[in-house]
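The file input_5.cif comes next; it holds mmCIF, C-alpha atoms and all ligand atoms.
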data_query
loop_
_atom_site.label_atom_id
_atom_site.label_comp_id
_atom_site.auth_asym_id
_atom_site.auth_seq_id
_atom_site.Cartn_x
_atom_site.Cartn_y
_atom_site.Cartn_z
CA MET A 1 0.00 0.00 0.00
CA LYS A 2 1.30 3.44 -0.93
CA THR A 3 1.43 5.95 1.87
CA MET A 4 1.63 9.69 2.27
CA LYS A 5 2.51 12.14 5.02
CA ALA A 6 -0.43 13.80 6.73
CA ALA A 7 -1.14 16.04 9.75
CA VAL A 8 -3.47 14.06 12.01
CA PHE A 9 -5.54 15.21 14.99
CA LYS A 10 -4.80 12.75 17.82
CA GLU A 11 -6.31 14.41 20.89
CA PRO A 12 -6.71 17.96 22.22
CA GLY A 13 -3.28 19.61 22.13
CA ARG A 14 -1.80 17.13 19.67
CA ILE A 15 -1.68 17.26 15.87
CA VAL A 16 1.18 15.12 14.51
CA VAL A 17 2.57 14.15 11.12
CA GLU A 18 2.01 10.45 10.34
CA GLU A 19 2.20 8.08 7.38
CA ARG A 20 -1.31 7.31 6.09
CA PRO A 21 -2.57 5.31 3.11
CA ILE A 22 -3.15 7.32 -0.09
CA PRO A 23 -6.95 7.24 -0.43
CA ASP A 24 -8.83 5.19 -3.06
CA VAL A 25 -10.72 7.17 -5.68
CA HIS A 26 -14.43 6.38 -6.14
CA ALA A 27 -16.56 7.33 -9.13
CA THR A 28 -17.34 10.97 -8.27
CA ASP A 29 -14.07 11.79 -6.43
CA ALA A 30 -10.77 13.26 -7.50
CA LEU A 31 -7.40 12.72 -5.88
CA LEU A 32 -5.43 15.92 -5.55
CA LYS A 33 -1.68 16.11 -5.03
CA VAL A 34 -1.47 19.03 -2.63
CA THR A 35 1.17 21.59 -3.67
CA LEU A 36 0.37 24.25 -1.06
CA THR A 37 -1.93 24.60 1.91
CA THR A 38 -2.22 26.61 5.10
CA ILE A 39 -3.43 26.55 8.70
CA CYS A 40 -6.73 28.23 9.60
CA GLY A 41 -7.80 29.69 12.95
CA THR A 42 -10.44 26.95 12.95
CA ASP A 43 -7.67 24.32 12.87
CA VAL A 44 -6.31 25.91 16.03
CA HIS A 45 -9.75 25.52 17.65
CA ILE A 46 -9.56 21.84 16.63
CA LEU A 47 -6.04 21.50 18.04
CA LYS A 48 -7.14 22.99 21.36
CA GLY A 49 -10.20 20.73 21.53
CA GLU A 50 -12.57 23.73 21.29
CA TYR A 51 -14.11 22.37 18.10
CA PRO A 52 -14.47 18.59 18.30
CA VAL A 53 -13.41 16.32 15.45
CA ALA A 54 -12.78 12.58 15.51
CA PRO A 55 -9.29 11.53 16.67
CA GLY A 56 -7.39 10.16 13.67
CA LEU A 57 -8.81 12.71 11.23
CA ILE A 58 -6.44 14.47 8.82
CA VAL A 59 -6.92 18.21 9.35
CA GLY A 60 -6.84 21.17 6.95
CA HIS A 61 -9.34 22.64 4.50
CA GLU A 62 -7.46 25.03 2.16
CA PRO A 63 -5.95 23.05 -0.73
CA VAL A 64 -4.05 24.18 -3.81
CA GLY A 65 -2.89 21.26 -5.95
CA VAL A 66 -2.66 19.21 -9.10
CA ILE A 67 -5.17 16.55 -10.17
CA GLU A 68 -3.50 13.16 -9.65
CA ARG A 69 -6.43 10.86 -10.45
CA LEU A 70 -10.08 11.26 -11.47
CA GLY A 71 -13.05 9.06 -10.58
CA SER A 72 -14.68 7.13 -13.43
CA ALA A 73 -17.74 9.44 -13.48
CA VAL A 74 -15.80 12.71 -13.44
CA THR A 75 -15.69 14.54 -16.77
CA GLY A 76 -14.41 17.92 -17.90
CA TYR A 77 -11.06 17.74 -16.12
CA GLU A 78 -7.63 16.33 -16.86
CA VAL A 79 -4.98 14.67 -14.76
CA GLY A 80 -2.19 17.17 -14.20
CA GLN A 81 -4.50 20.21 -14.14
CA ARG A 82 -3.78 22.82 -11.44
CA VAL A 83 -6.82 23.46 -9.28
CA ILE A 84 -7.99 24.81 -5.97
CA VAL A 85 -10.89 23.44 -3.95
CA GLY A 86 -12.96 25.48 -1.53
CA ALA A 87 -12.82 24.77 2.21
CA ILE A 88 -16.51 24.01 1.82
CA THR A 89 -17.21 21.20 -0.65
CA PRO A 90 -20.94 21.18 -1.40
CA CYS A 91 -22.44 18.24 -3.32
CA GLY A 92 -24.18 20.58 -5.75
CA GLN A 93 -27.21 18.25 -5.94
CA CYS A 94 -29.14 18.30 -2.67
CA TYR A 95 -32.03 20.59 -1.76
CA SER A 96 -29.79 22.87 0.34
CA CYS A 97 -27.35 23.31 -2.53
CA LEU A 98 -30.13 23.92 -5.05
CA ASP A 99 -31.85 26.25 -2.61
CA GLY A 100 -28.82 28.56 -2.48
CA HIS A 101 -27.44 27.36 0.85
CA SER A 102 -24.68 25.08 -0.31
CA SER A 103 -22.54 25.62 2.81
CA GLN A 104 -25.39 23.96 4.73
CA CYS A 105 -25.31 21.04 2.25
CA ARG A 106 -27.75 18.14 2.75
CA GLY A 107 -29.76 20.11 5.27
CA HIS A 108 -27.11 19.90 7.99
CA ALA A 109 -25.80 23.02 9.71
CA MET A 110 -22.25 23.40 8.29
CA GLY A 111 -22.94 20.29 6.18
CA GLY A 112 -20.77 21.60 3.35
CA TRP A 113 -17.71 21.76 5.59
CA ARG A 114 -16.25 18.31 5.15
CA PHE A 115 -12.44 18.66 4.75
CA GLY A 116 -10.77 18.30 8.13
CA ASN A 117 -14.17 18.15 9.83
CA THR A 118 -16.12 15.08 8.74
CA ILE A 119 -13.68 13.68 6.14
CA ASP A 120 -9.88 13.74 5.85
CA GLY A 121 -8.48 17.17 5.07
CA CYS A 122 -5.63 18.57 3.04
CA GLN A 123 -2.68 19.09 5.39
CA ALA A 124 -1.27 16.07 3.62
CA GLU A 125 0.55 15.08 0.43
CA TYR A 126 -2.77 14.02 -1.14
CA VAL A 127 -6.41 14.79 -0.46
CA LEU A 128 -9.53 13.10 -1.78
CA VAL A 129 -11.98 15.67 -3.16
CA PRO A 130 -15.63 14.58 -2.88
CA ASP A 131 -18.15 15.56 -5.57
CA ALA A 132 -15.23 16.59 -7.75
CA MET A 133 -17.31 18.11 -10.55
CA ALA A 134 -18.88 20.58 -8.12
CA ASN A 135 -15.61 21.48 -6.48
CA LEU A 136 -12.48 21.38 -8.66
CA SER A 137 -11.73 24.90 -9.84
CA PRO A 138 -8.92 25.31 -12.39
CA VAL A 139 -6.29 27.95 -11.54
CA PRO A 140 -6.00 30.56 -14.33
CA GLN A 141 -2.66 30.59 -16.12
CA GLY A 142 -0.15 32.97 -14.69
CA LEU A 143 -1.36 32.79 -11.08
CA THR A 144 1.01 31.22 -8.55
CA ASP A 145 -0.01 28.87 -5.75
CA GLU A 146 0.59 31.59 -3.17
CA GLN A 147 -1.62 34.04 -5.05
CA VAL A 148 -4.63 31.72 -4.81
CA LEU A 149 -3.89 30.17 -1.39
CA MET A 150 -6.35 32.46 0.41
CA CYS A 151 -9.25 31.76 -1.96
CA PRO A 152 -10.51 28.44 -0.50
CA ASP A 153 -11.39 29.90 2.90
CA ILE A 154 -10.03 33.24 4.12
CA MET A 155 -10.90 35.31 1.08
CA SER A 156 -14.22 33.55 0.48
CA THR A 157 -15.29 33.92 4.11
CA GLY A 158 -14.05 37.47 4.60
CA ILE A 159 -15.60 38.86 1.44
CA SER A 160 -18.87 37.05 2.20
CA GLY A 161 -19.08 39.12 5.39
CA ALA A 162 -19.45 42.22 3.24
CA GLU A 163 -21.68 40.49 0.66
CA ASN A 164 -24.10 39.02 3.19
CA GLY A 165 -23.99 42.25 5.17
CA GLY A 166 -25.49 43.75 2.02
CA VAL A 167 -22.88 46.52 1.86
CA ARG A 168 -24.12 49.20 -0.56
CA ILE A 169 -22.33 52.00 -2.35
CA GLY A 170 -21.74 54.79 0.15
CA ASP A 171 -22.17 52.65 3.26
CA ILE A 172 -20.13 53.13 6.40
CA VAL A 173 -18.82 49.76 7.49
CA ALA A 174 -17.02 48.74 10.68
CA VAL A 175 -15.03 45.51 10.86
CA PHE A 176 -14.29 44.07 14.29
CA ALA A 177 -10.98 42.17 14.40
CA GLN A 178 -8.39 42.24 11.62
CA GLY A 179 -7.08 38.71 11.55
CA PRO A 180 -6.88 37.19 8.06
CA ILE A 181 -10.68 36.92 7.76
CA GLY A 182 -11.34 40.40 9.11
CA LEU A 183 -8.76 41.80 6.70
CA CYS A 184 -10.57 40.11 3.82
CA ALA A 185 -13.86 41.53 5.10
CA THR A 186 -12.23 44.96 4.90
CA ALA A 187 -11.17 44.23 1.31
CA GLY A 188 -14.72 43.01 0.61
CA ALA A 189 -16.29 46.20 1.99
CA ARG A 190 -14.08 48.22 -0.35
CA LEU A 191 -14.97 46.01 -3.33
CA ARG A 192 -18.67 46.51 -2.52
CA GLY A 193 -18.36 50.29 -2.59
CA ALA A 194 -18.31 51.35 1.06
CA SER A 195 -17.37 55.01 1.37
CA ARG A 196 -15.84 54.66 4.82
CA ILE A 197 -14.37 51.58 6.45
CA ILE A 198 -13.51 51.63 10.14
CA VAL A 199 -11.54 48.71 11.57
CA VAL A 200 -10.89 47.63 15.14
CA ASP A 201 -7.92 45.57 16.34
CA ALA A 202 -4.88 46.07 18.56
CA VAL A 203 -2.02 44.57 16.55
CA PRO A 204 -0.11 47.34 14.70
CA GLU A 205 0.90 45.04 11.83
CA ARG A 206 -2.74 44.07 11.25
CA LEU A 207 -3.90 47.67 11.36
CA ARG A 208 -1.21 48.53 8.81
CA LEU A 209 -2.39 45.73 6.51
CA ALA A 210 -5.99 46.88 7.01
CA ARG A 211 -5.10 50.32 5.67
CA ALA A 212 -3.45 48.71 2.64
CA LEU A 213 -6.64 46.74 1.96
CA GLY A 214 -9.01 49.69 2.23
CA ALA A 215 -9.53 50.77 5.85
CA ASP A 216 -9.99 54.53 6.23
CA ASP A 217 -9.89 54.63 10.02
CA VAL A 218 -8.22 52.23 12.41
CA ILE A 219 -9.11 51.94 16.09
CA ASP A 220 -6.76 50.31 18.60
CA PHE A 221 -9.15 48.94 21.21
CA ASN A 222 -6.40 48.97 23.85
CA THR A 223 -6.32 52.75 23.82
CA THR A 224 -9.74 53.72 22.46
CA ASP A 225 -13.29 52.60 23.21
CA PRO A 226 -14.39 51.46 19.74
CA VAL A 227 -18.12 52.03 20.24
CA ALA A 228 -17.67 55.59 21.52
CA ALA A 229 -15.18 56.33 18.74
CA ILE A 230 -17.45 54.95 16.01
CA THR A 231 -20.46 56.81 17.40
CA GLU A 232 -18.44 60.00 17.26
CA MET A 233 -17.05 59.27 13.76
CA THR A 234 -20.54 58.71 12.37
CA GLY A 235 -22.06 61.79 13.98
CA GLY A 236 -24.15 59.59 16.27
CA ARG A 237 -25.73 57.58 13.45
CA GLY A 238 -23.83 54.32 13.82
CA VAL A 239 -22.58 52.21 10.94
CA ASP A 240 -24.72 50.73 8.18
CA VAL A 241 -23.00 47.36 8.41
CA ALA A 242 -20.89 45.92 11.23
CA ILE A 243 -18.83 42.85 10.42
CA GLU A 244 -17.81 40.58 13.30
CA ALA A 245 -14.70 38.58 12.41
CA LEU A 246 -13.48 36.92 15.59
CA GLY A 247 -16.22 34.95 17.34
CA LYS A 248 -16.13 36.54 20.81
CA GLN A 249 -18.87 38.06 22.96
CA GLN A 250 -16.92 41.33 23.01
CA THR A 251 -16.64 41.78 19.25
CA PHE A 252 -20.26 40.66 18.71
CA GLU A 253 -21.44 43.19 21.24
CA TRP A 254 -19.28 46.01 19.87
CA GLY A 255 -20.73 45.27 16.45
CA LEU A 256 -24.28 45.51 17.72
CA ARG A 257 -23.61 48.68 19.72
CA ALA A 258 -21.88 50.40 16.78
CA LEU A 259 -24.78 49.63 14.44
CA LYS A 260 -27.46 52.07 13.32
CA PRO A 261 -31.09 51.06 13.88
CA GLY A 262 -31.97 49.11 10.74
CA GLY A 263 -28.34 48.11 10.22
CA VAL A 264 -26.89 44.68 9.56
CA LEU A 265 -24.59 42.80 11.92
CA SER A 266 -22.78 40.38 9.64
CA SER A 267 -21.21 37.68 11.78
CA LEU A 268 -18.32 35.52 10.55
CA GLY A 269 -16.75 34.36 13.82
CA VAL A 270 -16.81 30.83 15.20
CA TYR A 271 -18.25 31.15 18.70
CA SER A 272 -17.77 28.73 21.55
CA GLY A 273 -19.51 28.52 24.91
CA LYS A 274 -22.38 30.95 25.12
CA LEU A 275 -23.23 34.11 23.21
CA SER A 276 -25.60 36.60 24.77
CA LEU A 277 -27.55 39.43 23.22
CA PRO A 278 -27.61 42.66 25.29
CA VAL A 279 -31.20 43.81 25.02
CA ASP A 280 -30.39 47.53 25.32
CA ALA A 281 -28.11 47.36 22.25
CA PHE A 282 -30.82 45.38 20.47
CA ALA A 283 -33.45 48.08 21.09
CA ALA A 284 -35.49 45.52 23.02
CA GLY A 285 -35.94 43.64 19.76
CA LEU A 286 -37.55 46.57 17.93
CA GLY A 287 -34.56 48.18 16.19
CA ASP A 288 -35.00 46.54 12.78
CA HIS A 289 -31.56 45.01 13.26
CA LEU A 290 -30.59 42.15 11.03
CA ILE A 291 -28.09 39.63 12.37
CA ARG A 292 -26.74 37.54 9.56
CA THR A 293 -24.32 34.63 10.00
CA THR A 294 -22.26 33.10 7.22
CA LEU A 295 -20.19 29.99 6.73
CA CYS A 296 -17.55 30.28 4.02
CA PRO A 297 -19.11 29.87 0.55
CA GLY A 298 -17.49 27.06 -1.45
CA GLY A 299 -17.89 25.23 -4.75
CA LYS A 300 -16.06 25.71 -8.03
CA GLU A 301 -17.96 28.77 -9.26
CA ARG A 302 -17.24 30.68 -6.05
CA MET A 303 -13.56 29.77 -6.38
CA ARG A 304 -13.53 30.88 -10.03
CA ARG A 305 -14.96 34.26 -9.07
CA LEU A 306 -12.45 34.78 -6.27
CA MET A 307 -9.52 33.82 -8.50
CA SER A 308 -10.83 36.27 -11.12
CA ILE A 309 -10.57 39.03 -8.50
CA VAL A 310 -6.98 38.00 -7.75
CA GLN A 311 -6.21 37.88 -11.45
CA SER A 312 -7.64 41.36 -11.99
CA GLY A 313 -5.28 42.73 -9.35
CA ARG A 314 -8.15 44.24 -7.34
CA VAL A 315 -7.06 42.33 -4.24
CA ASP A 316 -3.57 40.99 -3.56
CA LEU A 317 -3.28 38.74 -0.53
CA ARG A 318 0.26 37.46 -1.05
CA GLN A 319 1.35 39.68 1.81
CA PHE A 320 -0.67 37.46 4.19
CA VAL A 321 1.90 34.67 3.87
CA THR A 322 4.41 35.67 6.52
CA HIS A 323 5.93 32.23 7.15
CA ARG A 324 6.60 29.03 5.18
CA PHE A 325 7.04 25.49 6.53
CA PRO A 326 7.39 22.05 4.98
CA LEU A 327 4.60 19.63 5.98
CA ASP A 328 7.17 17.69 8.05
CA ARG A 329 7.45 20.68 10.35
CA ILE A 330 3.76 21.57 10.57
CA GLU A 331 3.78 21.06 14.35
CA GLU A 332 6.14 24.05 14.62
CA ALA A 333 3.87 25.99 12.30
CA TYR A 334 0.89 25.25 14.56
CA GLU A 335 2.86 26.37 17.60
CA LEU A 336 3.79 29.67 15.92
CA PHE A 337 0.33 30.30 14.48
CA ALA A 338 -1.65 29.32 17.58
CA ASN A 339 0.44 31.66 19.74
CA GLN A 340 0.43 34.46 17.15
CA ARG A 341 4.19 34.81 17.44
CA ASP A 342 6.58 36.69 15.14
CA LYS A 343 3.83 38.87 13.56
CA VAL A 344 2.36 35.83 11.84
CA ILE A 345 -0.67 36.37 9.60
CA LYS A 346 -0.77 33.08 7.65
CA VAL A 347 1.67 30.21 7.27
CA ALA A 348 2.14 28.44 3.93
CA ILE A 349 2.60 24.68 4.28
CA VAL A 350 4.44 22.87 1.48
CA PRO A 351 3.82 19.08 1.37
ZN ZN B 401 -10.88 27.85 7.88
ZN ZN B 402 -25.56 19.64 -1.23
#
Reformat the file's structure so that it appears as structure tokens.
Ligand SMILES: [Zn+2]
Ligand SMILES: [Zn+2]
Amino acid sequence: MKTMKAAVFKEPGRIVVEERPIPDVHATDALLKVTLTTICGTDVHILKGEYPVAPGLIVGHEPVGVIERLGSAVTGYEVGQRVIVGAITPCGQCYSCLDGHSSQCRGHAMGGWRFGNTIDGCQAEYVLVPDAMANLSPVPQGLTDEQVLMCPDIMSTGISGAENGGVRIGDIVAVFAQGPIGLCATAGARLRGASRIIVVDAVPERLRLARALGADDVIDFNTTDPVAAITEMTGGRGVDVAIEALGKQQTFEWGLRALKPGGVLSSLGVYSGKLSLPVDAFAAGLGDHLIRTTLCPGGKERMRRLMSIVQSGRVDLRQFVTHRFPLDRIEEAYELFANQRDKVIKVAIVP
């Protein structure tokens, strides 16, 4: 049996590189040779045991690669083609997919999130792509692996925060937290035509990147109360759209408090424990607030659109890759990324 190296979740606190069998390819699958991948904040939640997955699962959900083998029923692709696959791999056939909620595939909450959650993921030399014809998205000529590495999750998720927040031309948008996803939400707000983008974080490097991606005002929450500052900046109106990009009570609440009546709180964070809604900020339920949550949109058409934005030069996320590790040393990469050391934004993992 041929084997491959893979990063495997063993138990909370332990993800290790092991030899695993190269998966068999069934009719509708494709086998991808992974050429580049990365670690997501969600993988850190898995490592810490805050998001439960089965011990023995290969983690990772952001693959860039080359088609190694195609299932017998897969048409329209060729072995050797360079592709990316979204973090979310919808089937493209079920009622949820056909109803426009493909991230909630097959009627399950988060049902489209399979890589590194319910099936083996891509922090490995090879990954099996389910429902290949719905998910393999060819990389346009001229784009490097690093240029498209953020498309499968970070860019898709971040930009969806602005899309599902319904950002309109001339809106004032606030983005709470400027990690990789928050930064992409900032880029998304600019793409959607916001006239003023206010971002909140405390890490100088992230605030600098935020400005490069379209932020007009940056608020360091260590020195400034973001809600008071945003209220002042908007002449007491509040923002049209607040994007939450961390998954904490604090950022959720800031978002709600900074919002105008009738505004949209677009929530991207992964929450754990309990989330409470302060009734005063919610106008006792009568403020026409819309709270909208989003799981990363996936599927090949979404990936094609995102890569077309990269190709056009409208957004360049290469600067997110601050560190590079071979797959062999992914445990070090997790340690660095989980502890946010050395100004890390994203780590590229080369199998
Ligand atoms: Zn992710
Ligand atoms: Zn589906």
Query raised in the report: Could you work out how far CA of Arg305 in chain A lies from CA of Ile198 in chain A, giving the answer in Å with one decimal?
Result: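 These atoms are spaced 25.9 Å apart.
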Report task. May I have the residues within 8 Å of Leu47 in chain A as a list in words, using all atoms listed in the file and disregarding those fewer than 3 positions away in the same chain? Result ->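 Everything that qualifies: Phe9, Glu11, Pro12, Gly13, Arg14, Ile15, Asp43, Val44 and Glu50 of chain A.
When only C-alpha atoms are used to measure the gap to Ile154 in chain A, the shortest distance among A:Pro297, A:Gly107, A:Gly247, A:Pro140 belongs to A:Pro297.
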Could you build a table of the residues in chain A lying no more than 10 Å from ligand ZN 401 (chain B), giving for each the nearest pair of atoms and their separation in Å rounded to one decimal place, using only C-alpha atoms and all ligand atoms, ordered by chain and ascending residue number, as JSON lines?
{"residue": "A:Thr38", "atom": "CA", "partner": "B:ZN401", "partner_atom": "ZN", "distance": 9.2}
{"residue": "A:Ile39", "atom": "CA", "partner": "B:ZN401", "partner_atom": "ZN", "distance": 7.6}
{"residue": "A:Cys40", "atom": "CA", "partner": "B:ZN401", "partner_atom": "ZN", "distance": 4.5}
{"residue": "A:Gly41", "atom": "CA", "partner": "B:ZN401", "partner_atom": "ZN", "distance": 6.2}
{"residue": "A:Thr42", "atom": "CA", "partner": "B:ZN401", "partner_atom": "ZN", "distance": 5.2}
{"residue": "A:Asp43", "atom": "CA", "partner": "B:ZN401", "partner_atom": "ZN", "distance": 6.9}
{"residue": "A:Val44", "atom": "CA", "partner": "B:ZN401", "partner_atom": "ZN", "distance": 9.5}
{"residue": "A:Gly60", "atom": "CA", "partner": "B:ZN401", "partner_atom": "ZN", "distance": 7.9}
{"residue": "A:His61", "atom": "CA", "partner": "B:ZN401", "partner_atom": "ZN", "distance": 6.4}
{"residue": "A:Glu62", "atom": "CA", "partner": "B:ZN401", "partner_atom": "ZN", "distance": 7.2}
{"residue": "A:Gly86", "atom": "CA", "partner": "B:ZN401", "partner_atom": "ZN", "distance": 9.9}
{"residue": "A:Ala87", "atom": "CA", "partner": "B:ZN401", "partner_atom": "ZN", "distance": 6.7}
{"residue": "A:Ile88", "atom": "CA", "partner": "B:ZN401", "partner_atom": "ZN", "distance": 9.1}
{"residue": "A:Trp113", "atom": "CA", "partner": "B:ZN401", "partner_atom": "ZN", "distance": 9.4}
{"residue": "A:Phe115", "atom": "CA", "partner": "B:ZN401", "partner_atom": "ZN", "distance": 9.8}
{"residue": "A:Gly116", "atom": "CA", "partner": "B:ZN401", "partner_atom": "ZN", "distance": 9.6}
{"residue": "A:Met150", "atom": "CA", "partner": "B:ZN401", "partner_atom": "ZN", "distance": 9.9}
{"residue": "A:Pro152", "atom": "CA", "partner": "B:ZN401", "partner_atom": "ZN", "distance": 8.4}
{"residue": "A:Asp153", "atom": "CA", "partner": "B:ZN401", "partner_atom": "ZN", "distance": 5.4}
{"residue": "A:Ile154", "atom": "CA", "partner": "B:ZN401", "partner_atom": "ZN", "distance": 6.6}
{"residue": "A:Ser156", "atom": "CA", "partner": "B:ZN401", "partner_atom": "ZN", "distance": 9.9}
{"residue": "A:Thr157", "atom": "CA", "partner": "B:ZN401", "partner_atom": "ZN", "distance": 8.4}
{"residue": "A:Ile181", "atom": "CA", "partner": "B:ZN401", "partner_atom": "ZN", "distance": 9.1}
{"residue": "A:Val270", "atom": "CA", "partner": "B:ZN401", "partner_atom": "ZN", "distance": 9.9}
{"residue": "A:Leu295", "atom": "CA", "partner": "B:ZN401", "partner_atom": "ZN", "distance": 9.6}
{"residue": "A:Cys296", "atom": "CA", "partner": "B:ZN401", "partner_atom": "ZN", "distance": 8.1}
Dump as a PDB file, in the coordinates of the input, selection limited to C-alpha atoms:
ATOM      1  CA  THR A  38      -2.220  26.610   5.100  1.00  0.00           C
ATOM      2  CA  ILE A  39      -3.430  26.550   8.700  1.00  0.00           C
ATOM      3  CA  CYS A  40      -6.730  28.230   9.600  1.00  0.00           C
ATOM      4  CA  GLY A  41      -7.800  29.690  12.950  1.00  0.00           C
ATOM      5  CA  THR A  42     -10.440  26.950  12.950  1.00  0.00           C
ATOM      6  CA  ASP A  43      -7.670  24.320  12.870  1.00  0.00           C
ATOM      7  CA  VAL A  44      -6.310  25.910  16.030  1.00  0.00           C
ATOM      8  CA  GLY A  60      -6.840  21.170   6.950  1.00  0.00           C
ATOM      9  CA  HIS A  61      -9.340  22.640   4.500  1.00  0.00           C
ATOM     10  CA  GLU A  62      -7.460  25.030   2.160  1.00  0.00           C
ATOM     11  CA  GLY A  86     -12.960  25.480  -1.530  1.00  0.00           C
ATOM     12  CA  ALA A  87     -12.820  24.770   2.210  1.00  0.00           C
ATOM     13  CA  ILE A  88     -16.510  24.010   1.820  1.00  0.00           C
ATOM     14  CA  TRP A 113     -17.710  21.760   5.590  1.00  0.00           C
ATOM     15  CA  PHE A 115     -12.440  18.660   4.750  1.00  0.00           C
ATOM     16  CA  GLY A 116     -10.770  18.300   8.130  1.00  0.00           C
ATOM     17  CA  MET A 150      -6.350  32.460   0.410  1.00  0.00           C
ATOM     18  CA  PRO A 152     -10.510  28.440  -0.500  1.00  0.00           C
ATOM     19  CA  ASP A 153     -11.390  29.900   2.900  1.00  0.00           C
ATOM     20  CA  ILE A 154     -10.030  33.240   4.120  1.00  0.00           C
ATOM     21  CA  SER A 156     -14.220  33.550   0.480  1.00  0.00           C
ATOM     22  CA  THR A 157     -15.290  33.920   4.110  1.00  0.00           C
ATOM     23  CA  ILE A 181     -10.680  36.920   7.760  1.00  0.00           C
ATOM     24  CA  VAL A 270     -16.810  30.830  15.200  1.00  0.00           C
ATOM     25  CA  LEU A 295     -20.190  29.990   6.730  1.00  0.00           C
ATOM     26  CA  CYS A 296     -17.550  30.280   4.020  1.00  0.00           C
TER      27      CYS A 296
END
Query raised in the report: Is there a way to get, as a list in words, all residues within 9 Å of the point (-8.4, 35.6, -6.8) in file coordinates, counting only C-alpha atoms?
Result: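 Protein, DNA and RNA residues close to (-8.4, 35.6, -6.8): Leu143, Gln147, Val148, Leu149, Met150, Cys151, Met155, Met303, Arg304, Arg305, Leu306, Met307, Ser308, Ile309, Val310, Gln311, Ser312, Gly313, Arg314, Val315, Asp316 and Leu317 of chain A.
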Query - Residues within 7 Å of ligand ZN 402 (chain B), counting all atoms listed in the file, as a PyMOL selection string - result: chain A and resi 90-97+102+105-106+112
**Report entry** Which of A:Pro138, A:Gly193, A:Gly100, A:Pro52 sits closest to Ile84 in chain A [using all atoms listed in the file]
**Finding:**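 With all atoms listed in the file as the atom set, the closest residue is A:Pro138.
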Query raised in the report: Between A:Pro261, A:Pro278, A:Gly235, A:Gly269, which is the closest to Phe176 in chain A once you count only C-alpha atoms?
Result: A:Gly269
Padding 3 Å on every side, please: axis-aligned box over the listed atoms of range 130-136 of chain A, centre and edge lengths to one decimal in Å, as lines of an AutoDock Vina configuration file.
center_x = -15.7
center_y = 18.0
center_z = -6.7
size_x = 12.4
size_y = 12.9
size_z = 13.7
Requested in this report: Could you tell me how far CA of Gly161 in chain A lies from CA of Ser195 in chain A, in Å and to one decimal?
Outcome: 16.5 Å
Query - Between CA of Ser266 in chain A and CA of Gly170 in chain A - distance in Å to one decimal - result: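 So the two atoms, CA of Gly170 in chain A and CA of Ser266 in chain A, lie 17.3 Å apart.
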Tell me which residues come within 6 Å of (3.4, 21.7, 3.4), as a PDB file with C-alpha atoms, in the coordinates of the input, counting all atoms listed in the file in the file's coordinates.
ATOM      1  CA  LEU A  36       0.370  24.250  -1.060  1.00  0.00           C
ATOM      2  CA  PRO A 326       7.390  22.050   4.980  1.00  0.00           C
ATOM      3  CA  LEU A 327       4.600  19.630   5.980  1.00  0.00           C
ATOM      4  CA  ILE A 349       2.600  24.680   4.280  1.00  0.00           C
ATOM      5  CA  VAL A 350       4.440  22.870   1.480  1.00  0.00           C
ATOM      6  CA  PRO A 351       3.820  19.080   1.370  1.00  0.00           C
TER       7      PRO A 351
END
**Report entry** Residues within 10 Å of Val127 in chain A, only C-alpha atoms, excluding chain neighbours under 4 positions, as a ChimeraX atom specification
**Finding:** /A:4,6,22-23,30-34,58,60-61,63,65,67-68,115,119-123
Query - Residues within 9 Å of Glu244 in chain A, only C-alpha atoms, excluding chain neighbours under 4 positions, as a PyMOL selection string - result: chain A and resi 161+174-177+182+248+251-252+254-255+265-269
Report task. Excluding Lys5 in chain A and any residue of its chain fewer than 6 positions from it, enumerate the residues within 7 Å of it, using all atoms listed in the file, and give them as a PyMOL selection string. Result -> chain A and resi 17-20+124-125
Requested in this report: Choose the residue, out of A:Asp29, A:Glu331, A:Asp225, A:Asp24, that has the smallest atom-to-atom separation from Gln250 in chain A; count only C-alpha atoms.
Outcome: A:Asp225
**Report entry** Val25 in chain A environment, 8 Å, only C-alpha atoms, sequence neighbours closer than 6 positions dropped, as a ChimeraX atom specification
**Finding:** /A:31,69-71,128
